[in-house]
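J.: Sharing a structure with you now.
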Number of protein chains: 2
Amino acid sequence: MSELEILERLRAQAALHRRSGVRLGIGDDCAVFGARAGEDLLITTDLLVEGVHFERGSHPAAALGRKALARALSDIAAMGGQARFCLVSLAAPKWADGRFLDGFFRGLLALARRFRVTLAGGDLTRSERLACDVVVCGAVERGGALRRSGARAGDVIYVSGVLGGSALGLRTRRGAAWRRHLEPEPRIGLGAFVRRRLGATAAIDLSDGLALDLHRLAKASALAASLDSPLPVFPGASLEEALHGGEDYELLFTAPPGVAVPSRHGGVPLSRIGVMRGGRPGALEFFGRPLAPRGWDPFVEIAKSGTVYSIPISRRAAAEDRR
Amino acid sequence: MSELEILERLRAQAALHRRSGVRLGIGDDCAVFGARAGEDLLITTDLLVEGVHFERGSHPAAALGRKALARALSDIAAMGGQARFCLVSLAAPKWADGRFLDGFFRGLLALARRFRVTLAGGDLTRSERLACDVVVCGAVERGGALRRSGARAGDVIYVSGVLGGSALGLRTRRGAAWRRHLEPEPRIGLGAFVRRRLGATAAIDLSDGLALDLHRLAKASALAASLDSPLPVFPGASLEEALHGGEDYELLFTAPPGVAVPSRHGGVPLSRIGVMRGGRPGALEFFGRPLAPRGWDPFVEIAKSGTVYSIPISRRAAAEDRR
């Protein structure tokens with residue numbers, strides 16, 4: 001199958017979902033979108049680069065396409081929004097033939113359908129290594145977006161799911177943990193629930209590891225954070241992987257102390273793991289001891305053959321921490 | 001300068017332009033944008049890849065940043081919109097150090113300021129070769145976006161500026177033509193003018209060459225097109241470059257025959273070059289003889305060292321033409 005045929009198939013497959021607001025999709029210079037009255041739009045963009053975020057040999061095409069979209073959807077979830085449409089820019093090497101592109105977009109579109117996201121456009125070009133940038137536009141009630149910066153001292157810290165599975169999967173390439181790494185689940189429904197029903201004060205998705213992402217939320221909220229409860233750890237994952245492993249794409253959120261947070265939502269456990277407190281902005285404690293805001297940072301450790309993932313000391317986070 | 005310092009500087013420089021509608025810019029999981037009542041949003045995304053769209057050695061960092069944004073702005077111009085905000089995803093190799101990033105974003109932000117475009121977010125990661133994806137969101141009165149598909153038989157075809165300069169510049173690397181290649185000018189003001197004042201029926205920006213882009217417009221409008229007037233050619237460029245050279249980023253538009261189109265707008269010449277007519281959709285004629293819809297297509301000719309640009313036979317256009 002040629003690229004042209006793929007594009008034509010895409011255009012046919014990329015049906016405009018009713019109520020997505022997309023008035024004109026693939027095929028013109030821009031996509032055209034009509035926002036509804038009384039809503040804010042959420043826009044996020046997420047790069048997936050061969051040799052940095054994945055290796056060609058180990059990631060099936062459909063899983064890769066799915067993951068490229070899932071990562072951006074996770075950002076929409078973190079702000080409590082509903083996803084509306086996406087644009088996919090793909091720089092494809094020669095090895096990414098028609099069969100690969102077909103699988104890639106099949107995986108991406110299957111996830112898009114589940115969340116009623118319209119594929120509204122994108123760009124397609126050649127490159128030596130695959131790079132994919134996915135833009136997702138979502139929506140939320142005007143003024144209602146959950147931000148990183150809204151936590152208050154005394155707010156309780158919660159996390160969804162279990163942590164470290166993705167890092168474990170990357171290490172072992174086996175079983176449920178590897179599936180977790182390949183097919184992360186964007187917590188769109190949960191994000192809307194914690195924003196609307198729980199009155200969450202702040203949220204972030206765990207893309208680079210609990211410690212680093214909690215550090216970011218705390219810093220944005222000008223608070224410190226204490227982890228004082230056992231973490232929900234993926235079976236078989238180490239504490240190190242749960243604290244500093246990336247790509248779990250669970251939600252971390254804060255809620256006022258009086259809020260009754262259920263122990264599960266939609267089958268996903270919600271665990272109380274700590275509390276926000278006054279202190280140096282971004283400073284972390286784990287059972288009373290300082291916790292370094294380490295996590296995954298592509299600017300620290302460029303992927304080497306065989307290890308596209310690593311848990312290095314983050315210069316960025318360390319530098320953020322110094323200020 | 002480290003990447004972190006660049007990011008922090010960016011955040012400081014990326015002031016939210018008043019009236020851009022951006023409520024939350026760089027620093028959270030998503031940007032937040034409030035559309036105005038009665039407008040449609042235009043969203044476009046444009047990839048710029050090292051070795052395909054540019055070579056590291058010949059493109060200064062600031063020109064590259066400027067061009068990455070200009071190409072996407074040109075898509076907004078083609079639909080007659082005003083630009084509001086952009087997101088920039090950058091996969092940067094090791095050679096792209098702090099100095100490079102500083103120049104890249106300086107060039108990009110200078111153009112953004114001119115068009116009052118807020119840099120609202122993006123993504124930054126590593127890669128082996130530089131790839132940059134720029135998303136621009138613009139706005140237009142609801143239902144008013146200029147599309148490729150609106151031309152009618154008898155409509156007159158116009159083009160802005162002079163053609164072939166970018167291809168000439170890439171061939172000679174000298175003088176005004178090289179500057180034209182390095183620093184294309186998005187025709188935002190002109191796009192709004194032809195949409196609102198001239199009642200243009202269709203438009204497209206010339207990214208891949210007059211013949212290929214006119215073919216696309218004609219095909220979308222289910223019409224043929226005849227070029228029957230001398231083309232405005234960049235001084236020194238060949239007719240081949242004017243017809244099939246890419247990256248001029250001028251506007252091609254159609255207007256009903258009775259419309260009085262001025263010979264210039266904002267200093268840019270507007271030239272009548274032909275007419276839309278019934279016939280095989282997408283078929284082109286140049287002074288009565290068939291014209292092949294050739295232009296630049298990254299899927300046909302991958303850049304080789306020393307020639308990042310080529311004027312190959314376009315398989316894609318040829319295939320489009322067959323249907």
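Residue names in the structure tokens use chain letters A, B, ... in the order shown, residue numbers from 1 in each chain, and ligand numbers from 1 in the order shown.
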Listing only residues of chain A within 7 Å of chain B, what is the closest atom pair and its distance in Å (to one decimal) for each, using only C-alpha atoms, sorted by chain and residue number ascending, as CSV?
T.:
residue,atom,partner,partner_atom,distance
A:Leu4,CA,B:Arg316,CA,6.2
A:Asp28,CA,B:Arg148,CA,6.3
A:Asp29,CA,B:Asp75,CA,5.2
A:Cys30,CA,B:Thr44,CA,4.7
A:Ala31,CA,B:Ile43,CA,5.1
A:Val32,CA,B:Leu42,CA,4.8
A:Phe33,CA,B:Leu41,CA,5.0
A:Gly34,CA,B:Asp40,CA,4.8
A:Ala35,CA,B:Ala35,CA,6.6
A:Ala37,CA,B:Ala37,CA,6.5
A:Asp40,CA,B:Gly34,CA,4.8
A:Leu41,CA,B:Phe33,CA,5.0
A:Leu42,CA,B:Val32,CA,4.8
A:Ile43,CA,B:Ala31,CA,5.1
A:Thr44,CA,B:Cys30,CA,4.7
A:Thr45,CA,B:Gly122,CA,5.8
A:Asp46,CA,B:Asp123,CA,6.0
A:Leu47,CA,B:Asp123,CA,6.5
A:Val49,CA,B:Ser127,CA,6.7
A:Val52,CA,B:Ser127,CA,6.6
A:Asp75,CA,B:Asp29,CA,5.2
A:Ile76,CA,B:Cys30,CA,6.8
A:Ala78,CA,B:Asp29,CA,6.8
A:Ser89,CA,B:Leu47,CA,6.7
A:Gly122,CA,B:Thr45,CA,5.8
A:Asp123,CA,B:Asp46,CA,6.0
A:Thr125,CA,B:Pro298,CA,5.6
A:Arg126,CA,B:Pro298,CA,5.8
A:Ser127,CA,B:Val52,CA,6.7
A:Asp133,CA,B:Asp133,CA,6.9
A:Arg147,CA,B:Asp28,CA,6.7
A:Arg148,CA,B:Asp28,CA,6.3
A:Ile204,CA,B:Asp29,CA,6.9
A:Pro298,CA,B:Thr125,CA,5.7
A:Phe299,CA,B:Arg126,CA,6.2
A:Ile302,CA,B:Arg126,CA,6.9
A:Arg316,CA,B:Leu4,CA,6.1
J.: Step one, run DSSP on the backbone; step two, keep only residues of stretch 114-188 of chain A assigned to helix (DSSP H, G or I); then write them as a PyMOL selection string.
T.: chain A and resi 114+148-150+165-172+175-182+188
J.: Rank nothing, just name the residue among B:Leu69, B:Ser271, B:Asp102, B:Arg113 nearest to B:Glu8, using only C-alpha atoms.
T.: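 Counting only C-alpha atoms, the residue closest to B:Glu8 is B:Asp102.
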J.: Please return as an MDAnalysis selection string: the residues of stretch 135-207 of chain A that backbone DSSP assigns to strand (DSSP E or B).
T.: chainID A and resid 135:141 156:160 163 202:205
J.: Taking N, CA and C atoms for each residue, export the selection above as an mmCIF file, in the first residue's frame.
T.:
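Below is the file that was written, part06.cif:
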data_model
loop_
_atom_site.group_PDB
_atom_site.id
_atom_site.type_symbol
_atom_site.label_atom_id
_atom_site.label_comp_id
_atom_site.auth_asym_id
_atom_site.auth_seq_id
_atom_site.Cartn_x
_atom_site.Cartn_y
_atom_site.Cartn_z
ATOM 1 N N VAL A 135 -1.179 16.511 18.226
ATOM 2 C CA VAL A 135 -1.843 17.633 18.880
ATOM 3 C C VAL A 135 -3.249 17.176 19.227
ATOM 4 N N VAL A 136 -3.644 17.403 20.466
ATOM 5 C CA VAL A 136 -5.036 17.126 20.815
ATOM 6 C C VAL A 136 -5.673 18.401 21.328
ATOM 7 N N CYS A 137 -6.878 18.658 20.862
ATOM 8 C CA CYS A 137 -7.664 19.772 21.370
ATOM 9 C C CYS A 137 -8.838 19.200 22.143
ATOM 10 N N GLY A 138 -8.985 19.676 23.367
ATOM 11 C CA GLY A 138 -10.093 19.252 24.210
ATOM 12 C C GLY A 138 -10.865 20.460 24.697
ATOM 13 N N ALA A 139 -11.848 20.210 25.525
ATOM 14 C CA ALA A 139 -12.670 21.312 26.005
ATOM 15 C C ALA A 139 -13.062 21.084 27.456
ATOM 16 N N VAL A 140 -13.319 22.188 28.129
ATOM 17 C CA VAL A 140 -13.700 22.151 29.539
ATOM 18 C C VAL A 140 -14.560 23.399 29.793
ATOM 19 N N GLU A 141 -15.416 23.349 30.788
ATOM 20 C CA GLU A 141 -16.220 24.533 31.101
ATOM 21 C C GLU A 141 -15.314 25.738 31.298
ATOM 22 N N VAL A 156 -4.938 17.043 50.306
ATOM 23 C CA VAL A 156 -4.482 15.659 50.301
ATOM 24 C C VAL A 156 -4.076 15.262 48.873
ATOM 25 N N ILE A 157 -2.997 14.484 48.764
ATOM 26 C CA ILE A 157 -2.484 14.053 47.459
ATOM 27 C C ILE A 157 -2.974 12.637 47.159
ATOM 28 N N TYR A 158 -3.543 12.478 45.963
ATOM 29 C CA TYR A 158 -4.021 11.167 45.520
ATOM 30 C C TYR A 158 -3.353 10.787 44.210
ATOM 31 N N VAL A 159 -3.290 9.487 43.986
ATOM 32 C CA VAL A 159 -2.821 9.011 42.691
ATOM 33 C C VAL A 159 -3.741 7.891 42.223
ATOM 34 N N SER A 160 -3.934 7.805 40.920
ATOM 35 C CA SER A 160 -4.757 6.727 40.370
ATOM 36 C C SER A 160 -3.877 5.539 40.019
ATOM 37 N N LEU A 163 1.736 2.192 40.343
ATOM 38 C CA LEU A 163 2.876 2.890 39.735
ATOM 39 C C LEU A 163 4.064 1.980 39.449
ATOM 40 N N ALA A 202 -5.797 20.638 42.046
ATOM 41 C CA ALA A 202 -4.690 20.631 41.088
ATOM 42 C C ALA A 202 -4.519 19.209 40.573
ATOM 43 N N ALA A 203 -3.929 19.087 39.385
ATOM 44 C CA ALA A 203 -3.661 17.752 38.842
ATOM 45 C C ALA A 203 -2.531 17.815 37.825
ATOM 46 N N ILE A 204 -1.928 16.657 37.618
ATOM 47 C CA ILE A 204 -0.891 16.497 36.598
ATOM 48 C C ILE A 204 -0.906 15.022 36.212
ATOM 49 N N ASP A 205 -0.516 14.717 34.975
ATOM 50 C CA ASP A 205 -0.429 13.296 34.635
ATOM 51 C C ASP A 205 1.002 12.819 34.827
#
J.: Nearest residue to A:Gly150 out of A:Gly199, A:Gly274, A:Pro293, A:Ser207, using only C-alpha atoms?
T.: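 Counting only C-alpha atoms, the residue closest to A:Gly150 is A:Gly199.
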J.: Find the distance between atom CA of A:Phe85 and atom CA of A:Arg116 and write it in Å to one decimal.
T.: 8.0 Å
J.: Atom CA of B:Gly266 and atom CA of B:Gly189, how far apart in Å?
T.: 8.2 Å
J.: For A:Pro290, find every residue with an atom within 12 Å (counting only C-alpha atoms), except residues of its own chain fewer than 3 positions away, and show them as a list of chain:residue names.
T.: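 Once the adjacent positions are removed, what remains is A:Ala211, A:His215, A:Ala224, A:Ala225, A:Ser226, A:Leu227, A:Asp228, A:Arg280, A:Gly282, A:Ala283, A:Leu284, A:Glu285, A:Phe286, A:Phe287, A:Pro293, A:Arg294.
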J.: Would you mind listing what lies within 6 Å of A:Gly80 as a PyMOL selection string, with only C-alpha atoms counted and same-chain residues fewer than 4 positions away left out?
T.: chain A and resi 146+191-192+195
J.: Output the selection as a PDB file, in the first residue's frame - C-alpha atoms for each residue.
T.:
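And here is the file that came out, selection_35.pdb:
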ATOM      1  CA  LEU A 146      -7.623  21.817  36.440  1.00  0.00           C
ATOM      2  CA  GLY A 191      -9.951  13.580  35.104  1.00  0.00           C
ATOM      3  CA  ALA A 192     -13.461  14.885  34.526  1.00  0.00           C
ATOM      4  CA  ARG A 195     -12.542  18.012  38.583  1.00  0.00           C
TER       5      ARG A 195
END
J.: Rounded to one decimal, what separation in Å do you get between atom CA of A:Arg196 and atom CA of A:Ala153?
T.: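 Atom CA of A:Arg196 sits 20.7 Å away from atom CA of A:Ala153.
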